[in-house]
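Colleague: Below you'll find query-v8.csv; it's CSV, C-alpha atoms.
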```csv
chain,number,residue,atom,x,y,z
A,1,MET,CA,125.4,132.2,103.0
A,2,LEU,CA,126.3,129.7,100.3
A,3,LYS,CA,129.4,131.7,99.6
A,4,LEU,CA,130.3,131.9,103.3
A,5,SER,CA,130.0,128.2,103.7
A,6,ALA,CA,132.1,127.5,100.6
A,7,GLU,CA,135.0,129.5,102.0
A,8,GLN,CA,135.2,127.4,105.1
A,9,GLY,CA,135.9,124.0,103.5
A,10,GLY,CA,132.5,123.6,101.7
A,11,PHE,CA,129.2,122.2,102.7
A,12,ASN,CA,128.8,118.5,101.9
A,13,PRO,CA,125.1,118.1,101.3
A,14,PRO,CA,123.4,114.8,102.3
A,15,GLY,CA,122.4,112.5,99.4
A,16,ALA,CA,121.9,108.9,98.4
A,17,LYS,CA,125.4,108.1,99.8
A,18,ASP,CA,124.1,108.6,103.3
A,19,PHE,CA,121.8,105.5,102.9
A,20,GLN,CA,124.8,103.2,102.2
A,21,PHE,CA,126.0,101.5,105.4
A,22,PRO,CA,129.2,99.5,105.8
A,23,PRO,CA,128.8,95.9,107.1
A,24,ILE,CA,128.8,95.7,110.9
A,25,PHE,CA,131.0,92.6,110.9
A,26,GLY,CA,132.7,90.7,108.0
A,27,ASP,CA,132.2,92.1,104.6
A,28,SER,CA,128.9,90.6,103.6
A,29,ILE,CA,126.0,92.9,102.7
A,30,LEU,CA,123.8,90.7,104.8
A,31,PHE,CA,125.1,92.2,108.0
A,32,THR,CA,124.3,95.9,107.6
A,33,LYS,CA,122.3,98.2,109.8
A,34,PRO,CA,118.9,98.0,107.9
A,35,VAL,CA,119.0,94.2,108.0
A,36,PHE,CA,119.5,94.2,111.7
A,37,LEU,CA,116.8,96.8,112.2
A,38,CYS,CA,114.4,94.6,110.2
A,39,LEU,CA,115.2,91.6,112.4
A,40,PHE,CA,114.9,93.7,115.5
A,41,SER,CA,111.5,95.0,114.4
A,42,VAL,CA,110.2,91.4,114.1
A,43,ILE,CA,111.5,90.5,117.6
A,44,LEU,CA,110.0,93.7,119.0
A,45,ILE,CA,106.6,93.2,117.4
A,46,SER,CA,106.4,89.5,118.5
A,47,MET,CA,107.4,90.3,122.0
A,48,PHE,CA,104.9,93.2,122.3
A,49,PHE,CA,101.9,91.2,121.0
A,50,ILE,CA,102.8,88.0,122.9
A,51,ALA,CA,103.1,90.0,126.1
A,52,SER,CA,99.9,91.9,125.5
A,53,SER,CA,97.8,88.8,124.7
A,54,ARG,CA,99.3,86.3,127.1
A,55,LYS,CA,97.2,87.1,130.1
A,56,ALA,CA,94.1,88.1,128.2
A,57,ALA,CA,91.3,89.0,130.5
A,58,VAL,CA,87.7,90.3,130.1
A,59,VAL,CA,88.7,93.5,131.8
A,60,PRO,CA,91.9,94.3,129.8
A,61,SER,CA,95.1,95.5,131.4
A,62,ARG,CA,96.8,98.6,130.0
A,63,LEU,CA,99.1,96.5,127.8
A,64,GLN,CA,96.3,94.3,126.5
A,65,PHE,CA,94.2,97.4,125.7
A,66,ALA,CA,97.1,98.9,123.6
A,67,GLY,CA,97.6,95.6,121.7
A,68,GLU,CA,93.8,95.2,121.1
A,69,ALA,CA,93.5,98.9,119.9
A,70,VAL,CA,96.0,98.3,117.1
A,71,TYR,CA,94.4,95.0,116.2
A,72,GLY,CA,90.9,96.5,116.3
A,73,PHE,CA,92.0,99.4,114.1
A,74,VAL,CA,93.3,97.1,111.4
A,75,ARG,CA,90.4,94.7,111.6
A,76,ASN,CA,87.6,97.2,111.6
A,77,SER,CA,88.8,100.2,109.6
A,78,ILE,CA,90.9,98.4,107.1
A,79,GLY,CA,89.6,94.8,107.0
A,80,LYS,CA,85.9,95.1,107.6
A,81,ASP,CA,85.3,98.4,105.8
A,82,VAL,CA,87.3,97.6,102.7
A,83,ILE,CA,87.1,93.8,102.1
A,84,GLY,CA,83.7,93.4,103.6
A,85,HIS,CA,82.1,90.0,103.5
A,86,ASP,CA,84.4,87.2,104.6
A,87,PHE,CA,87.2,89.6,105.7
A,88,MET,CA,88.5,87.6,108.7
A,89,LYS,CA,90.6,85.3,106.6
A,90,TYR,CA,92.8,88.3,105.5
A,91,VAL,CA,93.1,90.1,108.8
A,92,PRO,CA,96.3,88.3,110.0
A,93,PHE,CA,98.0,89.1,106.8
A,94,LEU,CA,97.0,92.8,106.9
A,95,PHE,CA,97.8,93.0,110.6
A,96,SER,CA,101.3,91.7,110.1
A,97,LEU,CA,101.8,94.0,107.2
A,98,PHE,CA,100.6,97.1,109.1
A,99,THR,CA,102.7,96.4,112.3
A,100,PHE,CA,105.8,95.5,110.3
A,101,VAL,CA,105.7,98.6,108.1
A,102,LEU,CA,104.7,100.8,111.0
A,103,VAL,CA,107.6,99.8,113.3
A,104,ASN,CA,110.2,99.9,110.6
A,105,ASN,CA,109.0,103.4,109.6
A,106,ILE,CA,109.0,104.7,113.1
A,107,PHE,CA,112.7,103.6,113.5
A,108,GLY,CA,113.4,106.7,111.5
A,109,ILE,CA,112.8,109.0,114.4
A,110,ILE,CA,113.7,106.9,117.4
A,111,PRO,CA,116.8,108.4,119.0
A,112,LEU,CA,120.0,106.3,118.5
A,113,ILE,CA,118.4,104.2,115.8
A,114,GLN,CA,117.2,107.0,113.4
A,115,PHE,CA,117.0,105.1,110.2
A,116,PRO,CA,113.8,104.0,108.6
A,117,THR,CA,114.4,100.5,107.2
A,118,MET,CA,112.0,101.1,104.4
A,119,SER,CA,114.2,103.8,102.9
A,120,ARG,CA,116.3,101.0,101.4
A,121,ILE,CA,114.3,100.0,98.3
A,122,GLY,CA,114.9,96.3,98.8
A,123,PHE,CA,112.6,96.1,101.8
A,124,PRO,CA,109.5,97.7,100.2
A,125,ILE,CA,110.1,95.6,97.1
A,126,SER,CA,110.1,92.3,99.0
A,127,ILE,CA,106.9,93.1,100.9
A,128,THR,CA,105.3,94.3,97.7
A,129,ILE,CA,106.1,91.0,96.0
A,130,PHE,CA,104.4,89.3,98.9
A,131,VAL,CA,101.3,91.5,98.5
A,132,PHE,CA,101.4,91.0,94.7
A,133,VAL,CA,101.5,87.2,95.0
A,134,VAL,CA,98.8,87.1,97.7
A,135,PHE,CA,96.2,89.2,95.8
A,136,HIS,CA,96.6,87.5,92.5
A,137,TYR,CA,96.5,84.1,94.2
A,138,VAL,CA,93.4,85.0,96.1
A,139,GLY,CA,91.7,86.2,92.9
A,140,MET,CA,92.7,83.1,91.0
A,141,ARG,CA,91.5,80.7,93.7
A,142,LYS,CA,88.1,82.5,94.1
A,143,GLN,CA,87.3,82.8,90.4
A,144,GLY,CA,89.6,80.3,88.6
A,145,VAL,CA,92.8,81.2,86.7
A,146,GLY,CA,91.1,81.5,83.3
A,147,LYS,CA,88.2,83.7,84.4
A,148,TYR,CA,90.4,85.9,86.6
A,149,LEU,CA,92.8,86.7,83.8
A,150,LYS,CA,90.0,87.1,81.3
A,151,ASP,CA,88.3,89.6,83.6
A,152,ILE,CA,91.5,91.6,84.0
A,153,ALA,CA,92.1,91.7,80.3
A,154,PHE,CA,88.5,92.1,79.1
A,155,MET,CA,86.3,93.8,81.6
A,156,PRO,CA,82.8,92.5,81.2
A,157,ASP,CA,79.8,94.6,80.0
A,158,ILE,CA,81.7,97.1,78.0
A,159,PRO,CA,81.3,97.9,74.3
A,160,LYS,CA,83.8,96.0,72.1
A,161,PRO,CA,85.7,98.9,70.6
A,162,VAL,CA,86.7,100.2,74.0
A,163,TYR,CA,88.8,97.1,74.5
A,164,ILE,CA,91.5,98.5,72.1
A,165,ILE,CA,92.4,101.1,74.8
A,166,LEU,CA,91.2,99.4,77.9
A,167,THR,CA,92.9,96.0,77.6
A,168,PRO,CA,96.5,97.4,77.6
A,169,ILE,CA,95.7,99.8,80.4
A,170,GLU,CA,94.2,97.1,82.6
A,171,ILE,CA,97.0,94.7,82.1
A,172,LEU,CA,99.5,97.4,82.8
A,173,THR,CA,97.6,98.4,85.9
A,174,TYR,CA,97.4,95.0,87.4
A,175,PHE,CA,100.9,93.7,86.6
A,176,VAL,CA,103.1,96.8,86.5
A,177,THR,CA,101.7,99.9,87.9
A,178,ARG,CA,100.2,98.4,91.1
A,179,PRO,CA,103.3,96.7,92.4
A,180,LEU,CA,105.5,99.6,91.2
A,181,THR,CA,103.6,102.3,92.9
A,182,LEU,CA,103.0,100.3,96.1
A,183,SER,CA,106.8,99.8,96.7
A,184,LEU,CA,107.9,103.2,95.3
A,185,ARG,CA,105.4,105.2,97.4
A,186,LEU,CA,106.7,103.7,100.7
A,187,PHE,CA,110.3,103.9,99.7
A,188,ALA,CA,110.2,107.4,98.4
A,189,ASN,CA,108.3,108.8,101.4
A,190,MET,CA,110.8,107.3,103.8
A,191,PHE,CA,113.8,108.3,101.7
A,192,ALA,CA,112.6,111.9,101.4
A,193,GLY,CA,111.7,112.1,105.0
A,194,HIS,CA,115.1,110.9,106.2
A,195,LEU,CA,116.8,113.1,103.7
A,196,LEU,CA,114.8,116.1,105.1
A,197,LEU,CA,115.9,115.4,108.6
A,198,LEU,CA,119.5,114.9,107.4
A,199,VAL,CA,119.5,118.3,105.7
A,200,PHE,CA,118.5,120.2,108.9
A,201,THR,CA,120.8,118.3,111.3
A,202,ILE,CA,123.9,118.3,109.0
A,203,GLY,CA,123.1,121.9,108.0
A,204,GLY,CA,122.8,122.9,111.7
A,205,GLU,CA,126.1,121.2,112.5
A,206,HIS,CA,127.8,122.9,109.6
A,207,LEU,CA,126.5,126.3,110.7
A,208,LEU,CA,128.0,125.7,114.1
A,209,HIS,CA,131.5,125.7,112.5
A,210,GLY,CA,130.9,129.0,110.8
A,211,ASP,CA,131.2,132.6,111.9
A,212,LEU,CA,129.4,134.1,114.9
A,213,ILE,CA,126.3,135.1,112.8
A,214,LEU,CA,126.1,131.6,111.4
A,215,LYS,CA,126.4,130.1,114.9
A,216,ILE,CA,123.4,132.1,116.0
A,217,PHE,CA,121.2,130.5,113.3
A,218,SER,CA,122.4,127.0,114.1
A,219,PRO,CA,119.9,126.3,117.0
A,220,PHE,CA,117.0,127.2,114.7
A,221,SER,CA,118.1,124.5,112.3
A,222,PHE,CA,118.2,121.9,115.0
A,223,ALA,CA,114.9,123.1,116.4
A,224,PHE,CA,113.4,122.7,112.9
A,225,ALA,CA,114.8,119.2,112.7
A,226,ILE,CA,113.1,118.3,116.0
A,227,GLY,CA,109.8,119.8,114.8
A,228,LEU,CA,110.1,117.9,111.5
A,229,SER,CA,110.6,114.7,113.4
A,230,PHE,CA,107.1,114.9,114.7
A,231,PHE,CA,105.8,115.8,111.2
A,232,GLU,CA,107.7,112.6,110.1
A,233,LEU,CA,105.9,110.6,112.7
A,234,GLY,CA,102.6,111.5,111.1
A,235,ILE,CA,103.9,110.6,107.7
A,236,GLN,CA,105.3,107.3,108.9
A,237,CYS,CA,102.0,106.3,110.4
A,238,LEU,CA,100.0,107.5,107.4
A,239,GLN,CA,102.3,105.5,105.0
A,240,ALA,CA,101.8,102.3,107.0
A,241,TYR,CA,98.1,102.9,106.9
A,242,ILE,CA,98.0,103.6,103.2
A,243,PHE,CA,100.2,100.6,102.4
A,244,THR,CA,97.9,98.3,104.3
A,245,LEU,CA,94.8,100.0,102.9
A,246,LEU,CA,96.0,99.5,99.3
A,247,ALA,CA,96.8,95.9,100.0
A,248,ALA,CA,93.3,95.4,101.3
A,249,LEU,CA,91.8,97.2,98.3
A,250,TYR,CA,93.7,95.0,95.9
A,251,ILE,CA,92.5,91.9,97.7
A,252,ALA,CA,89.0,93.2,97.7
A,253,GLY,CA,89.3,93.9,94.0
A,254,ALA,CA,90.5,90.4,93.2
A,255,LEU,CA,87.7,88.9,95.2
A,256,ALA,CA,84.9,91.0,93.6
A,257,ASP,CA,83.2,89.5,90.5
A,258,GLY,CA,84.0,91.2,87.3
A,259,HIS,CA,86.3,93.7,89.2
B,1,MET,CA,126.3,128.4,92.2
B,2,THR,CA,126.3,124.9,90.8
B,3,GLY,CA,123.6,122.2,90.8
B,4,THR,CA,121.7,119.8,88.7
B,5,LEU,CA,118.7,120.6,86.5
B,6,SER,CA,116.9,117.4,87.7
B,7,ILE,CA,116.1,119.1,91.0
B,8,VAL,CA,114.3,121.9,89.0
B,9,GLY,CA,112.5,119.1,87.2
B,10,PHE,CA,111.4,117.6,90.5
B,11,GLY,CA,110.2,121.0,91.6
B,12,LEU,CA,108.1,121.3,88.5
B,13,SER,CA,106.7,117.7,88.9
B,14,THR,CA,105.4,118.5,92.4
B,15,ILE,CA,103.0,121.3,91.1
B,16,GLY,CA,100.4,118.9,89.6
B,17,PRO,CA,100.3,116.5,92.6
B,18,GLY,CA,100.2,119.5,95.0
B,19,ILE,CA,97.1,120.9,93.3
B,20,ALA,CA,95.6,117.5,93.1
B,21,THR,CA,96.1,116.8,96.8
B,22,GLY,CA,94.5,120.1,97.6
B,23,LEU,CA,91.5,119.3,95.5
B,24,ILE,CA,91.1,115.9,97.0
B,25,PHE,CA,91.1,117.2,100.6
B,26,ALA,CA,88.9,120.1,99.7
B,27,ALA,CA,86.3,117.7,98.4
B,28,TYR,CA,86.7,115.4,101.4
B,29,ILE,CA,86.2,118.4,103.9
B,30,ASN,CA,83.2,119.5,101.8
B,31,GLY,CA,81.7,116.1,102.0
B,32,VAL,CA,82.2,115.7,105.7
B,33,ALA,CA,80.9,119.2,106.4
B,34,ARG,CA,77.7,118.5,104.5
B,35,GLN,CA,77.2,115.0,105.9
B,36,PRO,CA,79.3,114.3,109.0
B,37,GLU,CA,78.1,110.7,109.3
B,38,ALA,CA,79.7,109.9,105.9
B,39,ARG,CA,83.2,110.4,107.4
B,40,GLY,CA,83.9,106.7,107.8
B,41,ILE,CA,83.1,106.0,104.1
B,42,LEU,CA,84.9,109.1,102.8
B,43,GLN,CA,88.1,108.8,104.8
B,44,PRO,CA,89.7,105.7,103.0
B,45,LEU,CA,88.6,107.2,99.7
B,46,ALA,CA,90.3,110.5,100.5
B,47,PHE,CA,93.5,108.9,101.6
B,48,LEU,CA,93.5,106.6,98.6
B,49,GLY,CA,93.2,109.5,96.2
B,50,PHE,CA,95.8,111.4,98.1
B,51,ALA,CA,98.2,108.4,97.9
B,52,LEU,CA,97.6,108.0,94.2
B,53,ALA,CA,98.2,111.7,93.5
B,54,GLU,CA,101.3,111.8,95.8
B,55,ALA,CA,102.8,108.9,94.0
B,56,LEU,CA,103.4,111.1,90.9
B,57,ALA,CA,105.4,113.6,93.0
B,58,LEU,CA,107.4,110.8,94.4
B,59,PHE,CA,108.3,109.4,91.0
B,60,GLY,CA,109.7,112.9,90.3
B,61,LEU,CA,111.8,112.6,93.4
B,62,VAL,CA,113.1,109.2,92.5
B,63,LEU,CA,113.9,110.3,89.0
B,64,ALA,CA,115.6,113.4,90.3
B,65,PHE,CA,118.1,111.1,92.1
B,66,VAL,CA,118.3,108.5,89.3
B,67,LEU,CA,119.0,110.9,86.4
```
As C-alpha cells, how would this structure be written, given the file I've shared?
Modeller:
Amino acid sequence: MLKLSAEQGGFNPPGAKDFQFPPIFGDSILFTKPVFLCLFSVILISMFFIASSRKAAVVPSRLQFAGEAVYGFVRNSIGKDVIGHDFMKYVPFLFSLFTFVLVNNIFGIIPLIQFPTMSRIGFPISITIFVFVVFHYVGMRKQGVGKYLKDIAFMPDIPKPVYIILTPIEILTYFVTRPLTLSLRLFANMFAGHLLLLVFTIGGEHLLHGDLILKIFSPFSFAFAIGLSFFELGIQCLQAYIFTLLAALYIAGALADGH
Amino acid sequence: MTGTLSIVGFGLSTIGPGIATGLIFAAYINGVARQPEARGILQPLAFLGFALAEALALFGLVLAFVL
C-alpha cells in the first residue's frame, strides 16, 4: 500500500509541522489559534461557573448540580484525600487548575475547534511554573526557608553515608524532575493524541484519492478516527485529573514535616 | 521504504513502561478485589504510579521527535 500511495503523488504524513499555526491577523505570534483557544477557555469556564452559582438554591437546578459536581470532585477526591488537614486553602487553586486543563484538553475533540491547546509546550510549561512556585512557597512559609531547603537536601532520620547518594537525587527530584515531568506529561499526551487523530483522518482522506480498492478502506480509517476521539476524551480527562492530583501531592509533600 | 531510526527507538522505549503500567493496574485490581472498601485509597496511588511509568514512554516520544 505504501508503494501504491507513493505512485500517486506521495503521502505526506502528519508531524510537528501540523502544530504550527499562522497568525490570525497581523504577524505577531501572540495572535495564533492556541492563544485564542486559551482565552476562549477562560471565558467559557468563568461563564459556566458564574451561571451555575448565581442562583444557588438549597434544591439545586440542573446547571447548579453540574457545577457543584465538578467542584465536589476536586474538593473531595483531590483536595481532601490528598492534602488532608487544612485543605480548603488550596481548593480554589486546584479547582482552577483542573477546569483550565480539562477544558483546554477537551478542545482537542470538539468539532470545528479540534486542537488541544496543551499540545503546544508553552502552555503546560507556564502552568507548571505556577505550580512549582506555589508548592515551594507553601513549603517555605510553613516550615521556614532554611528548614525547608535543609529537609529537601538532607532528609532527617537517615544514616549519614546514605546522604552521598540521596542528596543529589532529592535535589534533582524537587527542582528538575518534578517540573519537567509535570509539563512534559501533559504536553506529550496531548501531542501524541492529536497526532494519532491526524494520522487517521489525513490517511483516510489520502486513501479516498487512491484506486477503487483504497477507496473502500477509506471509511474504516475515518470510523477509526471517530472511535479514537472517544478514547482521547478519556485520556484528556485522565490527564487533567493526574495533573491536578500531582499538584496536590506536591503541595501535601511540602506541607508535611520532614517530607 | 525510508524512515528514521528514532521511531524504532521510541518503540523500544515503550516496552518498559508498558509492562510497568500492566503491573501497576494488576496490583490495583488485586487490591480492590481483596478489599473493595480500599478503592478510594488505592485509586490515586494507582493513577500516580501509572502517570510516573507513562512519563518514561512519553520522554521517548518527545526524544523521537527532537532527535
Colleague: Could you list, as a PyMOL selection string, the residues of chain A having an atom within 12 Å of chain B when counting all atoms listed in the file?
Modeller: chain A and resi 1-3+6+13+15-17+76-82+119+121+177-178+180-193+195+235+238-250
Colleague: Within 12 Å of Ile169 (chain A), counting all atoms listed in the file, which residues show up once you throw out same-chain ones fewer than 4 positions away? Write them as number ranges by chain, please.
Modeller: A: 152-155, 162-165, 173-178
Colleague: Please report the interatomic distance between CA of Leu255 (chain A) and CA of Gly139 (chain A) in Å with one decimal.
Modeller: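 Taking CA of Leu255 (chain A) as the start and CA of Gly139 (chain A) as the end point, the length is 5.3 Å.
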Colleague: Extract, using only C-alpha atoms, all DNA, RNA and protein residues at most 8 Å from Phe21 (chain A), discarding same-chain residues fewer than 3 positions from it, and format them as number ranges by chain.
Modeller: A: 18, 32-33
Colleague: Nearest residue to Gly253 (chain A) out of A:His136, A:Arg120, A:Arg62, A:Arg75, using only C-alpha atoms?
Modeller: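 Under the stated criterion, the closest residue is A:His136.
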Colleague: Do you have the CA of Ser218 (chain A)-CA of Glu205 (chain A) distance handy?
Modeller: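 Between CA of Ser218 (chain A) and CA of Glu205 (chain A) the gap is 7.1 Å.
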Colleague: Would you compute the distance between CA of Ala256 (chain A) and CA of Phe123 (chain A)? Give it in Å to one decimal.
Modeller: 29.3 Å
Colleague: Need to verify the contact set: Gly3 (chain B), 12 Å, only C-alpha atoms, exclusion of same-chain residues closer than 4 positions in sequence. Can you return it as a list in words?
Modeller: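 With the cut-off at 12 Å, the set is Pro13 of chain A; Ile7, Val8 and Ala64 of chain B.
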Colleague: With C-alpha atoms retained, write the just-selected residues as a PDB file, keeping the file's coordinate frame.
Modeller:
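The resulting file, selection_31.pdb, is shown below:
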```pdb
ATOM      1  CA  PRO A  13     125.100 118.100 101.300  1.00  0.00           C
TER       2      PRO A  13
ATOM      3  CA  ILE B   7     116.100 119.100  91.000  1.00  0.00           C
ATOM      4  CA  VAL B   8     114.300 121.900  89.000  1.00  0.00           C
ATOM      5  CA  ALA B  64     115.600 113.400  90.300  1.00  0.00           C
TER       6      ALA B  64
END
```
Colleague: Go through B:Ser6, B:Gly49, B:Leu67, B:Gly11 and flag the residue nearest Tyr28 (chain B), using only C-alpha atoms for the distances.
Modeller: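 Closest residue, counting only C-alpha atoms: B:Gly49.
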Colleague: Counting only C-alpha atoms, figure out which residue out of B:Gly9, B:Leu63, B:Ala46, B:Gly18 gets nearest to Asn30 (chain B).
Modeller: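 Answer, going by the shortest atom-to-atom distance: B:Ala46.
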Colleague: Would you list the residues near (103.2, 94.4, 119.9), meaning any protein, DNA or RNA residue with an atom at most 12 Å from that point in file coordinates, counting all atoms listed in the file, as a PyMOL selection string?
Modeller: chain A and resi 41-54+63-71+95-96+98-100+102-103
Colleague: Step by step: locate region 61-128 of chain A in the block above, keep C-alpha atoms, then write the file as a PDB file, in the first residue's frame.
Modeller:
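That gives us result.pdb:
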```pdb
ATOM      1  CA  SER A  61     -31.145  23.352  39.452  1.00  0.00           C
ATOM      2  CA  ARG A  62     -29.614  21.118  36.802  1.00  0.00           C
ATOM      3  CA  LEU A  63     -26.890  23.646  35.979  1.00  0.00           C
ATOM      4  CA  GLN A  64     -26.033  24.222  39.621  1.00  0.00           C
ATOM      5  CA  PHE A  65     -25.837  20.477  40.149  1.00  0.00           C
ATOM      6  CA  ALA A  66     -23.371  20.093  37.256  1.00  0.00           C
ATOM      7  CA  GLY A  67     -21.176  22.907  38.570  1.00  0.00           C
ATOM      8  CA  GLU A  68     -21.228  21.531  42.098  1.00  0.00           C
ATOM      9  CA  ALA A  69     -20.414  18.020  40.895  1.00  0.00           C
ATOM     10  CA  VAL A  70     -17.149  19.246  39.318  1.00  0.00           C
ATOM     11  CA  TYR A  71     -16.319  21.334  42.376  1.00  0.00           C
ATOM     12  CA  GLY A  72     -17.167  18.490  44.738  1.00  0.00           C
ATOM     13  CA  PHE A  73     -14.993  16.079  42.798  1.00  0.00           C
ATOM     14  CA  VAL A  74     -11.935  18.347  43.037  1.00  0.00           C
ATOM     15  CA  ARG A  75     -12.571  19.231  46.677  1.00  0.00           C
ATOM     16  CA  ASN A  76     -13.225  15.731  47.972  1.00  0.00           C
ATOM     17  CA  SER A  77     -11.241  13.299  45.872  1.00  0.00           C
ATOM     18  CA  ILE A  78      -8.245  15.546  45.165  1.00  0.00           C
ATOM     19  CA  GLY A  79      -8.174  18.154  47.947  1.00  0.00           C
ATOM     20  CA  LYS A  80      -9.442  16.307  50.994  1.00  0.00           C
ATOM     21  CA  ASP A  81      -7.997  12.874  50.233  1.00  0.00           C
ATOM     22  CA  VAL A  82      -4.522  14.068  49.274  1.00  0.00           C
ATOM     23  CA  ILE A  83      -3.754  17.222  51.244  1.00  0.00           C
ATOM     24  CA  GLY A  84      -5.837  16.255  54.265  1.00  0.00           C
ATOM     25  CA  HIS A  85      -5.852  18.651  57.219  1.00  0.00           C
ATOM     26  CA  ASP A  86      -6.349  22.324  56.292  1.00  0.00           C
ATOM     27  CA  PHE A  87      -7.014  21.555  52.607  1.00  0.00           C
ATOM     28  CA  MET A  88      -9.648  24.234  51.936  1.00  0.00           C
ATOM     29  CA  LYS A  89      -6.980  26.902  51.420  1.00  0.00           C
ATOM     30  CA  TYR A  90      -5.718  25.126  48.296  1.00  0.00           C
ATOM     31  CA  VAL A  91      -9.025  24.060  46.756  1.00  0.00           C
ATOM     32  CA  PRO A  92      -9.504  27.262  44.667  1.00  0.00           C
ATOM     33  CA  PHE A  93      -6.050  26.782  43.156  1.00  0.00           C
ATOM     34  CA  LEU A  94      -6.595  23.088  42.410  1.00  0.00           C
ATOM     35  CA  PHE A  95     -10.080  23.761  41.089  1.00  0.00           C
ATOM     36  CA  SER A  96      -8.879  26.426  38.618  1.00  0.00           C
ATOM     37  CA  LEU A  97      -6.036  24.163  37.515  1.00  0.00           C
ATOM     38  CA  PHE A  98      -8.358  21.234  36.932  1.00  0.00           C
ATOM     39  CA  THR A  99     -11.025  23.109  34.975  1.00  0.00           C
ATOM     40  CA  PHE A 100      -8.482  25.048  32.925  1.00  0.00           C
ATOM     41  CA  VAL A 101      -6.524  21.958  31.895  1.00  0.00           C
ATOM     42  CA  LEU A 102      -9.680  19.923  31.334  1.00  0.00           C
ATOM     43  CA  VAL A 103     -11.387  22.438  29.036  1.00  0.00           C
ATOM     44  CA  ASN A 104      -8.198  23.118  27.083  1.00  0.00           C
ATOM     45  CA  ASN A 105      -7.659  19.385  26.607  1.00  0.00           C
ATOM     46  CA  ILE A 106     -11.220  18.672  25.519  1.00  0.00           C
ATOM     47  CA  PHE A 107     -10.870  21.326  22.787  1.00  0.00           C
ATOM     48  CA  GLY A 108      -8.922  18.578  21.012  1.00  0.00           C
ATOM     49  CA  ILE A 109     -12.045  16.654  20.057  1.00  0.00           C
ATOM     50  CA  ILE A 110     -14.711  19.388  19.850  1.00  0.00           C
ATOM     51  CA  PRO A 111     -15.736  19.631  16.174  1.00  0.00           C
ATOM     52  CA  LEU A 112     -14.580  22.836  14.419  1.00  0.00           C
ATOM     53  CA  ILE A 113     -12.060  23.598  17.187  1.00  0.00           C
ATOM     54  CA  GLN A 114     -10.156  20.289  17.219  1.00  0.00           C
ATOM     55  CA  PHE A 115      -6.909  21.438  18.700  1.00  0.00           C
ATOM     56  CA  PRO A 116      -5.834  20.716  22.275  1.00  0.00           C
ATOM     57  CA  THR A 117      -4.201  23.915  23.499  1.00  0.00           C
ATOM     58  CA  MET A 118      -1.895  21.922  25.758  1.00  0.00           C
ATOM     59  CA  SER A 119      -0.195  20.281  22.756  1.00  0.00           C
ATOM     60  CA  ARG A 120       1.869  23.459  22.408  1.00  0.00           C
ATOM     61  CA  ILE A 121       4.616  23.114  25.011  1.00  0.00           C
ATOM     62  CA  GLY A 122       4.391  26.759  26.124  1.00  0.00           C
ATOM     63  CA  PHE A 123       1.040  26.322  27.850  1.00  0.00           C
ATOM     64  CA  PRO A 124       1.954  23.314  30.033  1.00  0.00           C
ATOM     65  CA  ILE A 125       5.259  24.971  30.928  1.00  0.00           C
ATOM     66  CA  SER A 126       3.585  28.164  32.100  1.00  0.00           C
ATOM     67  CA  ILE A 127       1.057  26.399  34.344  1.00  0.00           C
ATOM     68  CA  THR A 128       3.825  24.132  35.640  1.00  0.00           C
TER      69      THR A 128
END
```
